[in-house]
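Chemist: Below is input_33.csv; it holds CSV, C-alpha atoms and all ligand atoms.
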```csv
chain,number,residue,atom,x,y,z
A,1,MET,CA,110.6,50.7,-49.5
A,2,ARG,CA,107.4,48.7,-49.8
A,3,THR,CA,105.4,48.3,-52.9
A,4,THR,CA,102.3,50.4,-53.1
A,5,ILE,CA,99.4,48.2,-54.3
A,6,ILE,CA,95.9,49.3,-55.4
A,7,ALA,CA,93.8,46.2,-56.0
A,8,GLY,CA,90.2,46.2,-57.3
A,9,ASN,CA,88.1,43.4,-55.9
A,10,TRP,CA,85.1,43.2,-58.3
A,11,LYS,CA,83.4,40.6,-56.1
A,12,MET,CA,80.5,38.8,-57.8
A,13,ASN,CA,79.9,41.6,-60.4
A,14,THR,CA,80.3,41.9,-64.2
A,15,THR,CA,79.6,39.4,-66.9
A,16,VAL,CA,82.6,38.5,-69.2
A,17,SER,CA,81.6,41.2,-71.7
A,18,GLU,CA,81.1,43.8,-68.9
A,19,ALA,CA,84.4,42.9,-67.4
A,20,MET,CA,86.1,43.4,-70.8
A,21,ALA,CA,84.4,46.8,-71.3
A,22,LEU,CA,85.5,47.9,-67.8
A,23,VAL,CA,89.1,46.9,-68.5
A,24,LYS,CA,89.1,48.7,-71.8
A,25,ALA,CA,87.7,51.8,-70.2
A,26,MET,CA,90.6,51.9,-67.6
A,27,ARG,CA,93.5,50.2,-69.2
A,28,ASN,CA,95.4,53.1,-70.9
A,29,LYS,CA,94.9,55.6,-68.1
A,30,LEU,CA,96.0,53.1,-65.4
A,31,GLU,CA,99.0,52.2,-67.5
A,32,ALA,CA,100.1,55.8,-67.6
A,33,ILE,CA,100.3,56.1,-63.8
A,34,ASN,CA,103.7,55.1,-62.4
A,35,GLY,CA,104.9,54.0,-59.0
A,36,VAL,CA,101.8,52.1,-58.1
A,37,GLU,CA,101.1,48.4,-58.6
A,38,LYS,CA,97.6,48.1,-60.1
A,39,VAL,CA,95.8,44.8,-59.7
A,40,LEU,CA,92.5,43.8,-61.1
A,41,CYS,CA,90.5,41.0,-59.4
A,42,PRO,CA,87.6,40.0,-61.7
A,43,PRO,CA,85.4,36.9,-61.2
A,44,PHE,CA,87.0,33.6,-62.2
A,45,VAL,CA,85.2,33.4,-65.5
A,46,SER,CA,86.6,36.6,-66.7
A,47,LEU,CA,90.3,36.0,-65.7
A,48,THR,CA,91.3,34.8,-69.2
A,49,ALA,CA,89.6,37.6,-71.1
A,50,VAL,CA,91.0,40.3,-68.7
A,51,ARG,CA,94.4,38.7,-68.9
A,52,GLU,CA,94.4,39.0,-72.7
A,53,LEU,CA,93.5,42.6,-72.5
A,54,ILE,CA,96.3,43.5,-70.1
A,55,LEU,CA,98.9,41.2,-71.5
A,56,ASN,CA,101.5,43.8,-72.6
A,57,SER,CA,100.8,46.3,-69.8
A,58,SER,CA,102.0,46.7,-66.2
A,59,LEU,CA,98.6,45.9,-64.9
A,60,LYS,CA,98.4,42.7,-62.8
A,61,LEU,CA,95.7,40.1,-62.4
A,62,GLY,CA,94.3,38.6,-59.2
A,63,ALA,CA,91.7,36.0,-58.3
A,64,GLN,CA,89.2,36.5,-55.5
A,65,ASN,CA,89.5,33.0,-53.9
A,66,MET,CA,90.7,29.5,-54.6
A,67,HIS,CA,90.7,26.0,-53.1
A,68,PHE,CA,93.8,24.8,-51.2
A,69,GLU,CA,94.1,21.4,-53.0
A,70,GLU,CA,96.0,21.3,-56.3
A,71,LYS,CA,93.5,19.1,-58.0
A,72,GLY,CA,90.8,16.4,-57.4
A,73,ALA,CA,87.2,15.7,-56.8
A,74,TYR,CA,86.1,19.1,-55.6
A,75,THR,CA,83.2,20.0,-57.9
A,76,GLY,CA,83.0,23.7,-58.7
A,77,GLU,CA,86.3,24.7,-57.1
A,78,VAL,CA,89.3,26.4,-58.7
A,79,SER,CA,92.8,25.3,-57.7
A,80,PRO,CA,96.1,27.1,-57.1
A,81,LEU,CA,97.7,25.4,-60.1
A,82,MET,CA,94.9,26.6,-62.4
A,83,LEU,CA,95.5,30.2,-61.2
A,84,ALA,CA,99.3,30.1,-61.2
A,85,GLY,CA,99.3,30.2,-64.9
A,86,LEU,CA,96.8,33.0,-65.1
A,87,CYS,CA,97.4,35.6,-62.4
A,88,GLN,CA,99.9,36.9,-60.0
A,89,TYR,CA,97.7,37.6,-56.9
A,90,VAL,CA,94.9,35.9,-55.1
A,91,VAL,CA,92.7,37.5,-52.4
A,92,LEU,CA,92.3,35.0,-49.5
A,93,GLY,CA,90.2,35.0,-46.4
A,94,HIS,CA,88.0,37.9,-47.4
A,95,SER,CA,85.4,38.6,-44.7
A,96,GLU,CA,82.7,37.7,-47.2
A,97,ARG,CA,84.3,34.2,-47.6
A,98,ARG,CA,84.6,33.9,-43.8
A,99,GLN,CA,81.0,35.1,-43.2
A,100,TYR,CA,79.1,33.4,-46.0
A,101,PHE,CA,81.2,30.3,-46.8
A,102,GLY,CA,82.5,29.3,-43.4
A,103,GLU,CA,86.2,30.0,-44.0
A,104,SER,CA,88.0,29.5,-40.7
A,105,ASP,CA,91.5,30.7,-39.9
A,106,GLU,CA,92.7,27.1,-40.6
A,107,ILE,CA,91.2,27.1,-44.1
A,108,VAL,CA,92.6,30.5,-44.8
A,109,ASN,CA,96.0,29.2,-43.7
A,110,LYS,CA,95.8,26.2,-46.0
A,111,LYS,CA,95.0,28.5,-48.9
A,112,VAL,CA,97.9,30.9,-48.0
A,113,GLN,CA,100.3,28.0,-47.9
A,114,ALA,CA,99.0,26.6,-51.2
A,115,ALA,CA,99.2,30.0,-52.9
A,116,LEU,CA,102.8,30.6,-51.9
A,117,LYS,CA,103.7,27.1,-53.0
A,118,VAL,CA,102.7,27.8,-56.6
A,119,GLY,CA,104.2,31.3,-56.7
A,120,LEU,CA,101.0,33.3,-56.2
A,121,LYS,CA,101.0,36.4,-54.0
A,122,PRO,CA,98.3,36.0,-51.4
A,123,ILE,CA,96.4,39.2,-50.3
A,124,ILE,CA,95.4,38.0,-46.9
A,125,CYS,CA,92.3,39.8,-45.6
A,126,VAL,CA,91.8,40.4,-41.9
A,127,GLY,CA,89.3,42.6,-40.1
A,128,GLU,CA,87.1,42.9,-37.0
A,129,LYS,CA,83.3,43.1,-36.7
A,130,LEU,CA,81.8,46.3,-35.3
A,131,GLU,CA,80.7,44.6,-32.1
A,132,GLU,CA,84.2,43.2,-31.6
A,133,ARG,CA,85.7,46.7,-32.0
A,134,GLU,CA,83.1,48.1,-29.6
A,135,LYS,CA,83.9,45.4,-27.0
A,136,GLY,CA,87.6,46.2,-27.2
A,137,LEU,CA,88.4,42.9,-28.9
A,138,MET,CA,89.8,44.3,-32.1
A,139,GLU,CA,93.5,43.7,-31.3
A,140,GLU,CA,92.7,40.1,-30.1
A,141,VAL,CA,90.7,39.3,-33.3
A,142,ILE,CA,93.3,40.8,-35.7
A,143,THR,CA,96.3,39.2,-34.1
A,144,ARG,CA,94.5,35.8,-34.1
A,145,GLN,CA,93.6,36.2,-37.8
A,146,VAL,CA,97.2,37.2,-38.7
A,147,LYS,CA,98.8,34.4,-36.7
A,148,GLY,CA,96.3,31.9,-38.0
A,149,ALA,CA,96.7,32.8,-41.6
A,150,LEU,CA,100.5,32.6,-41.4
A,151,ALA,CA,100.9,29.3,-39.4
A,152,SER,CA,103.7,27.2,-40.8
A,153,VAL,CA,104.4,29.8,-43.5
A,154,PRO,CA,108.2,29.9,-43.6
A,155,SER,CA,108.7,33.6,-44.6
A,156,LEU,CA,106.8,36.7,-45.4
A,157,GLU,CA,108.2,36.9,-48.9
A,158,ARG,CA,105.4,37.6,-51.4
A,159,VAL,CA,102.8,38.0,-48.6
A,160,VAL,CA,100.4,41.0,-48.8
A,161,VAL,CA,97.9,41.8,-46.1
A,162,ALA,CA,94.7,43.8,-46.4
A,163,TYR,CA,93.1,45.2,-43.3
A,164,GLU,CA,89.3,45.4,-43.9
A,165,PRO,CA,87.2,46.3,-40.9
A,166,ILE,CA,83.9,44.5,-41.6
A,167,TRP,CA,81.9,47.5,-40.5
A,168,ALA,CA,83.5,49.6,-43.3
A,169,ILE,CA,82.9,47.2,-46.2
A,170,GLY,CA,80.2,48.4,-48.6
A,171,THR,CA,78.7,50.7,-45.9
A,172,GLY,CA,80.1,54.0,-47.0
A,173,ARG,CA,81.4,54.3,-43.5
A,174,ALA,CA,85.2,54.1,-44.0
A,175,ALA,CA,87.6,53.9,-41.0
A,176,THR,CA,89.6,57.1,-40.4
A,177,GLY,CA,93.1,57.2,-41.7
A,178,GLU,CA,94.3,57.2,-38.1
A,179,GLN,CA,92.1,54.2,-37.1
A,180,ALA,CA,93.4,52.2,-40.1
A,181,ASN,CA,97.0,53.1,-39.4
A,182,ASP,CA,96.7,52.1,-35.7
A,183,THR,CA,95.3,48.7,-36.6
A,184,ILE,CA,97.8,48.2,-39.4
A,185,SER,CA,100.6,48.9,-36.9
A,186,ILE,CA,99.2,46.1,-34.7
A,187,ILE,CA,99.3,43.8,-37.8
A,188,ARG,CA,102.9,44.7,-38.6
A,189,HIS,CA,103.9,44.4,-35.0
A,190,GLU,CA,102.4,40.9,-34.8
A,191,MET,CA,104.2,39.9,-38.0
A,192,GLY,CA,107.4,41.3,-36.5
A,193,ARG,CA,106.9,39.2,-33.4
A,194,LEU,CA,106.6,36.1,-35.6
A,195,TYR,CA,109.2,36.8,-38.3
A,196,GLY,CA,111.3,39.7,-37.1
A,197,ALA,CA,111.0,43.4,-37.9
A,198,ALA,CA,113.1,43.3,-41.0
A,199,GLN,CA,110.6,40.9,-42.7
A,200,ALA,CA,107.5,42.6,-41.3
A,201,ASP,CA,108.7,45.9,-42.6
A,202,MET,CA,108.7,44.6,-46.1
A,203,VAL,CA,105.1,43.5,-46.2
A,204,PRO,CA,102.7,45.7,-48.1
A,205,ILE,CA,99.6,46.2,-46.0
A,206,GLN,CA,96.5,47.7,-47.6
A,207,TYR,CA,93.4,49.3,-46.2
A,208,GLY,CA,90.0,48.2,-47.5
A,209,GLY,CA,86.4,49.4,-46.7
A,210,SER,CA,84.5,52.1,-48.6
A,211,VAL,CA,87.6,53.5,-50.3
A,212,THR,CA,86.9,56.2,-52.9
A,213,GLY,CA,88.8,58.7,-54.9
A,214,ALA,CA,87.8,61.3,-52.3
A,215,ASN,CA,89.2,59.5,-49.3
A,216,VAL,CA,92.1,57.3,-50.5
A,217,ALA,CA,94.6,60.1,-49.8
A,218,GLU,CA,93.7,60.1,-46.1
A,219,PHE,CA,94.8,56.4,-45.9
A,220,LEU,CA,97.8,56.5,-48.2
A,221,CYS,CA,99.4,59.4,-46.4
A,222,GLN,CA,99.6,57.3,-43.2
A,223,LYS,CA,103.0,55.8,-42.4
A,224,GLU,CA,101.9,52.1,-42.2
A,225,ILE,CA,99.4,52.0,-45.1
A,226,ASP,CA,100.8,50.8,-48.4
A,227,GLY,CA,97.7,50.7,-50.6
A,228,ALA,CA,94.0,49.9,-50.8
A,229,LEU,CA,91.8,46.9,-51.6
A,230,VAL,CA,88.8,48.6,-53.3
A,231,GLY,CA,85.4,47.0,-53.7
A,232,GLY,CA,82.5,49.1,-55.1
A,233,ALA,CA,84.6,51.9,-56.4
A,234,SER,CA,86.7,49.5,-58.5
A,235,LEU,CA,83.7,48.8,-60.7
A,236,LYS,CA,83.6,52.4,-62.0
A,237,ALA,CA,86.4,53.1,-64.4
A,238,ASP,CA,86.7,56.9,-63.6
A,239,GLU,CA,86.6,56.3,-59.8
A,240,PHE,CA,89.3,53.5,-59.9
A,241,ILE,CA,91.5,55.7,-62.1
A,242,ALA,CA,91.1,58.5,-59.6
A,243,ILE,CA,92.0,56.3,-56.7
A,244,VAL,CA,95.2,55.2,-58.4
A,245,GLU,CA,96.0,58.8,-59.5
A,246,GLN,CA,95.5,60.0,-55.9
A,247,THR,CA,97.7,57.2,-54.6
A,248,ALA,CA,100.5,58.0,-57.0
A,249,ALA,CA,100.3,61.7,-55.9
A,250,VAL,CA,100.4,60.9,-52.2
A,251,LYS,CA,103.2,58.4,-52.6
A,252,GLY,CA,105.3,61.0,-54.5
A,253,LYS,CA,105.1,63.2,-51.3
A,254,LYS,CA,105.5,60.5,-48.7
A,301,LIG,P1,84.0,48.3,-50.6
A,301,LIG,O1,85.1,49.2,-51.2
A,301,LIG,O2,82.8,48.2,-51.5
A,301,LIG,O3,83.6,48.8,-49.2
A,301,LIG,O4,84.5,46.8,-50.4
A,301,LIG,C1,85.8,46.7,-49.8
A,301,LIG,C2,86.2,45.3,-49.9
A,301,LIG,O5,85.6,44.4,-49.4
A,301,LIG,C3,87.3,45.0,-50.9
A,301,LIG,O6,87.7,43.7,-50.8
```
Show me the file's structure as structure tokens.
Modeler:
Amino acid sequence: MRTTIIAGNWKMNTTVSEAMALVKAMRNKLEAINGVEKVLCPPFVSLTAVRELILNSSLKLGAQNMHFEEKGAYTGEVSPLMLAGLCQYVVLGHSERRQYFGESDEIVNKKVQAALKVGLKPIICVGEKLEEREKGLMEEVITRQVKGALASVPSLERVVVAYEPIWAIGTGRAATGEQANDTISIIRHEMGRLYGAAQADMVPIQYGGSVTGANVAEFLCQKEIDGALVGGASLKADEFIAIVEQTAAVKGKK
């Protein structure tokens, strides 16, 4: 039995007061939904405020990125040690980090190792570009990213993966449930090759890319899909609640 995880990646949105208002608008309803791990990933500056608001609830907190060094002269960066006391999860290798901030598979790998070392659960993002899918390179790209992110990682314990096809992010053009399930099977197969099927079978793998309350069930009813990493829709309280409610309903039938 794998954990079902719905995480809201707020990206570079919300001021601290907006973040607090958003949490207050969702907190009680999310808390009432059982069987789903609910993770909020606000911007760094709101982590403390959001943490206070969800302190005695089952809601979990995640960061959207971090540096791989524990401390030092890296002006403007946030370290694994700083996050370890604040949150449980950290999103790593998001395609926006890879695209706009030059994060390579090697950098993502250093971050994954650093996160695991301090007890954080990394949500490792992988995903292909549209042109890569069209050229038949999806499998090659995905397996390279999975293998790269996990290099020298001793076990898959605490690892979470999010499959986010780049063409589906923020476009309103989600993958189909079947497409996502097929690619996630490839990811699980690659992890099985590296760590054995028993470990690979325990890793929660999320789908991300234009997930809404209206389409989340299509993903969650698939055998290999264990949750969603939600961008835009996680900024609307009612929509995020609907996503978690739908997930709980589908999971109950699975
Ligand atoms: P959207 O849900 O806005 O497409 O974003 C997906 C995403 O990138 C989550 O990390």
Chemist: Using all atoms listed in the file, pick whichever of A:His189, A:Lys135, A:Arg27, A:Lys117 has the shortest atom-to-atom distance to Glu157 (chain A).
Modeler: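 That would be A:Lys117, the residue with the smallest distance to Glu157 (chain A).
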Chemist: Distance table requested - chain A against ligand LIG 301 (chain A), cut-off 10 Å, only C-alpha atoms and all ligand atoms: one row per qualifying residue with the closest atom pair and its distance in Å to one decimal, ordered by chain and rising residue number, as JSON lines.
Modeler:
```
{"residue": "A:Ala7", "atom": "CA", "partner": "A:LIG301", "partner_atom": "C3", "distance": 8.3}
{"residue": "A:Gly8", "atom": "CA", "partner": "A:LIG301", "partner_atom": "C3", "distance": 7.1}
{"residue": "A:Asn9", "atom": "CA", "partner": "A:LIG301", "partner_atom": "O6", "distance": 5.1}
{"residue": "A:Trp10", "atom": "CA", "partner": "A:LIG301", "partner_atom": "C3", "distance": 7.9}
{"residue": "A:Lys11", "atom": "CA", "partner": "A:LIG301", "partner_atom": "O6", "distance": 7.5}
{"residue": "A:Cys41", "atom": "CA", "partner": "A:LIG301", "partner_atom": "O6", "distance": 9.4}
{"residue": "A:Gln64", "atom": "CA", "partner": "A:LIG301", "partner_atom": "O6", "distance": 8.7}
{"residue": "A:Val91", "atom": "CA", "partner": "A:LIG301", "partner_atom": "O6", "distance": 8.1}
{"residue": "A:Leu92", "atom": "CA", "partner": "A:LIG301", "partner_atom": "O6", "distance": 9.9}
{"residue": "A:His94", "atom": "CA", "partner": "A:LIG301", "partner_atom": "O6", "distance": 6.7}
{"residue": "A:Ser95", "atom": "CA", "partner": "A:LIG301", "partner_atom": "O5", "distance": 7.5}
{"residue": "A:Glu96", "atom": "CA", "partner": "A:LIG301", "partner_atom": "O5", "distance": 7.6}
{"residue": "A:Ile123", "atom": "CA", "partner": "A:LIG301", "partner_atom": "O6", "distance": 9.8}
{"residue": "A:Cys125", "atom": "CA", "partner": "A:LIG301", "partner_atom": "O6", "distance": 8.0}
{"residue": "A:Ala162", "atom": "CA", "partner": "A:LIG301", "partner_atom": "O6", "distance": 8.3}
{"residue": "A:Tyr163", "atom": "CA", "partner": "A:LIG301", "partner_atom": "O6", "distance": 9.4}
{"residue": "A:Glu164", "atom": "CA", "partner": "A:LIG301", "partner_atom": "O5", "distance": 6.7}
{"residue": "A:Pro165", "atom": "CA", "partner": "A:LIG301", "partner_atom": "O5", "distance": 8.9}
{"residue": "A:Ile166", "atom": "CA", "partner": "A:LIG301", "partner_atom": "O5", "distance": 8.0}
{"residue": "A:Trp167", "atom": "CA", "partner": "A:LIG301", "partner_atom": "O3", "distance": 9.0}
{"residue": "A:Ala168", "atom": "CA", "partner": "A:LIG301", "partner_atom": "O3", "distance": 6.0}
{"residue": "A:Ile169", "atom": "CA", "partner": "A:LIG301", "partner_atom": "O3", "distance": 3.5}
{"residue": "A:Gly170", "atom": "CA", "partner": "A:LIG301", "partner_atom": "O3", "distance": 3.5}
{"residue": "A:Thr171", "atom": "CA", "partner": "A:LIG301", "partner_atom": "O3", "distance": 6.2}
{"residue": "A:Gly172", "atom": "CA", "partner": "A:LIG301", "partner_atom": "O3", "distance": 6.6}
{"residue": "A:Arg173", "atom": "CA", "partner": "A:LIG301", "partner_atom": "O3", "distance": 8.2}
{"residue": "A:Ala174", "atom": "CA", "partner": "A:LIG301", "partner_atom": "O3", "distance": 7.6}
{"residue": "A:Tyr207", "atom": "CA", "partner": "A:LIG301", "partner_atom": "C1", "distance": 8.8}
{"residue": "A:Gly208", "atom": "CA", "partner": "A:LIG301", "partner_atom": "C1", "distance": 5.0}
{"residue": "A:Gly209", "atom": "CA", "partner": "A:LIG301", "partner_atom": "O3", "distance": 3.8}
{"residue": "A:Ser210", "atom": "CA", "partner": "A:LIG301", "partner_atom": "O3", "distance": 3.5}
{"residue": "A:Val211", "atom": "CA", "partner": "A:LIG301", "partner_atom": "O1", "distance": 5.1}
{"residue": "A:Thr212", "atom": "CA", "partner": "A:LIG301", "partner_atom": "O1", "distance": 7.4}
{"residue": "A:Ala228", "atom": "CA", "partner": "A:LIG301", "partner_atom": "C3", "distance": 8.3}
{"residue": "A:Leu229", "atom": "CA", "partner": "A:LIG301", "partner_atom": "C3", "distance": 4.9}
{"residue": "A:Val230", "atom": "CA", "partner": "A:LIG301", "partner_atom": "O1", "distance": 4.3}
{"residue": "A:Gly231", "atom": "CA", "partner": "A:LIG301", "partner_atom": "O1", "distance": 3.3}
{"residue": "A:Gly232", "atom": "CA", "partner": "A:LIG301", "partner_atom": "O2", "distance": 3.7}
{"residue": "A:Ala233", "atom": "CA", "partner": "A:LIG301", "partner_atom": "O1", "distance": 5.9}
{"residue": "A:Ser234", "atom": "CA", "partner": "A:LIG301", "partner_atom": "O1", "distance": 7.5}
{"residue": "A:Leu235", "atom": "CA", "partner": "A:LIG301", "partner_atom": "O2", "distance": 9.3}
```
Chemist: Can you work out which one of A:Met202, A:Leu156, A:Val141, A:Val244 has the shortest atom-to-atom distance to Gln113 (chain A), counting all atoms listed in the file?
Modeler: A:Leu156
Chemist: What separation in Å, quoted to one decimal, exists between CA of Gln199 (chain A) and CA of Glu69 (chain A)?
Modeler: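 About the pair CA of Gln199 (chain A) and CA of Glu69 (chain A): they are 27.5 Å apart.
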Chemist: Given the choices A:Lys29, A:Lys110, A:Lys236, A:Arg97, which gets closest to Asn13 (chain A) if the distance is worked out from all atoms listed in the file?
Modeler: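 Using all atoms listed in the file, Asn13 (chain A) sits closest to A:Lys236.
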Chemist: What residues have an atom no more than 12 Å from (99.0, 36.2, -38.4) in the file's own frame, counting all atoms listed in the file, and can you write them as number ranges by chain?
Modeler: A: 93, 105-106, 108-109, 112, 124-127, 139-153, 155-156, 159-163, 186-195, 200
Chemist: Could you state the separation of CA of Met26 (chain A) and CA of Ser58 (chain A) in Å, given to one decimal place?
Modeler: 12.6 Å
Chemist: With all atoms listed in the file as the basis for distance, which of A:Gln88, A:Thr15, A:Ser185, A:Gln179 is at the shortest distance from Leu40 (chain A)?
Modeler: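 Once distances to Leu40 (chain A) are computed over all atoms listed in the file, the minimum belongs to A:Gln88.
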Chemist: What is the distance, in Å and to one decimal place, between CA of Ala21 (chain A) and CA of Phe44 (chain A)?
Modeler: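 Value for the CA of Ala21 (chain A)-CA of Phe44 (chain A) distance: 16.2 Å.
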Chemist: Take every atom of region 80-97 of chain A listed in the file, fit an axis-aligned box around them, add 6 Å per side, and give the centre and edge lengths in Å to one decimal as JSON.
Modeler:
```
{"center_x": 91.3, "center_y": 32.0, "center_z": -54.9, "size_x": 29.2, "size_y": 25.2, "size_z": 32.4}
```
Chemist: What's around region 71-86 of chain A at 9 Å? Count all atoms listed in the file, leave out sequence neighbours fewer than 5 positions away in its own chain, and write the answer as a PDB file with C-alpha atoms, in the coordinates of the input.
Modeler:
```pdb
ATOM      1  CA  PHE A  44      87.000  33.600 -62.200  1.00  0.00           C
ATOM      2  CA  LEU A  47      90.300  36.000 -65.700  1.00  0.00           C
ATOM      3  CA  THR A  48      91.300  34.800 -69.200  1.00  0.00           C
ATOM      4  CA  ARG A  51      94.400  38.700 -68.900  1.00  0.00           C
ATOM      5  CA  LEU A  61      95.700  40.100 -62.400  1.00  0.00           C
ATOM      6  CA  GLY A  62      94.300  38.600 -59.200  1.00  0.00           C
ATOM      7  CA  ALA A  63      91.700  36.000 -58.300  1.00  0.00           C
ATOM      8  CA  ASN A  65      89.500  33.000 -53.900  1.00  0.00           C
ATOM      9  CA  MET A  66      90.700  29.500 -54.600  1.00  0.00           C
ATOM     10  CA  LYS A 111      95.000  28.500 -48.900  1.00  0.00           C
ATOM     11  CA  ALA A 114      99.000  26.600 -51.200  1.00  0.00           C
ATOM     12  CA  ALA A 115      99.200  30.000 -52.900  1.00  0.00           C
ATOM     13  CA  LYS A 117     103.700  27.100 -53.000  1.00  0.00           C
ATOM     14  CA  VAL A 118     102.700  27.800 -56.600  1.00  0.00           C
ATOM     15  CA  GLY A 119     104.200  31.300 -56.700  1.00  0.00           C
ATOM     16  CA  LEU A 120     101.000  33.300 -56.200  1.00  0.00           C
TER      17      LEU A 120
END
```
Chemist: Report as a short mmCIF file (atom, residue, chain, number, x, y, z; two decimals) with C-alpha atoms, keeping the file's coordinate frame all protein, DNA and RNA residues lying within 8 Å of Arg158 (chain A), evaluated on all atoms listed in the file, omitting residues in the same chain fewer than 4 positions from it.
Modeler:
```cif
data_model
loop_
_atom_site.label_atom_id
_atom_site.label_comp_id
_atom_site.auth_asym_id
_atom_site.auth_seq_id
_atom_site.Cartn_x
_atom_site.Cartn_y
_atom_site.Cartn_z
CA LEU A 116 102.80 30.60 -51.90
CA LEU A 120 101.00 33.30 -56.20
CA LYS A 121 101.00 36.40 -54.00
CA PRO A 122 98.30 36.00 -51.40
CA VAL A 203 105.10 43.50 -46.20
#
```
Chemist: When you look at Val45 (chain A) with a cut-off of 10 Å (counting all atoms listed in the file), what residues show up, excluding the ones that are within fewer than 5 positions of it in the same chain? I need them as a ChimeraX atom specification.
Modeler: /A:14-16,19,50
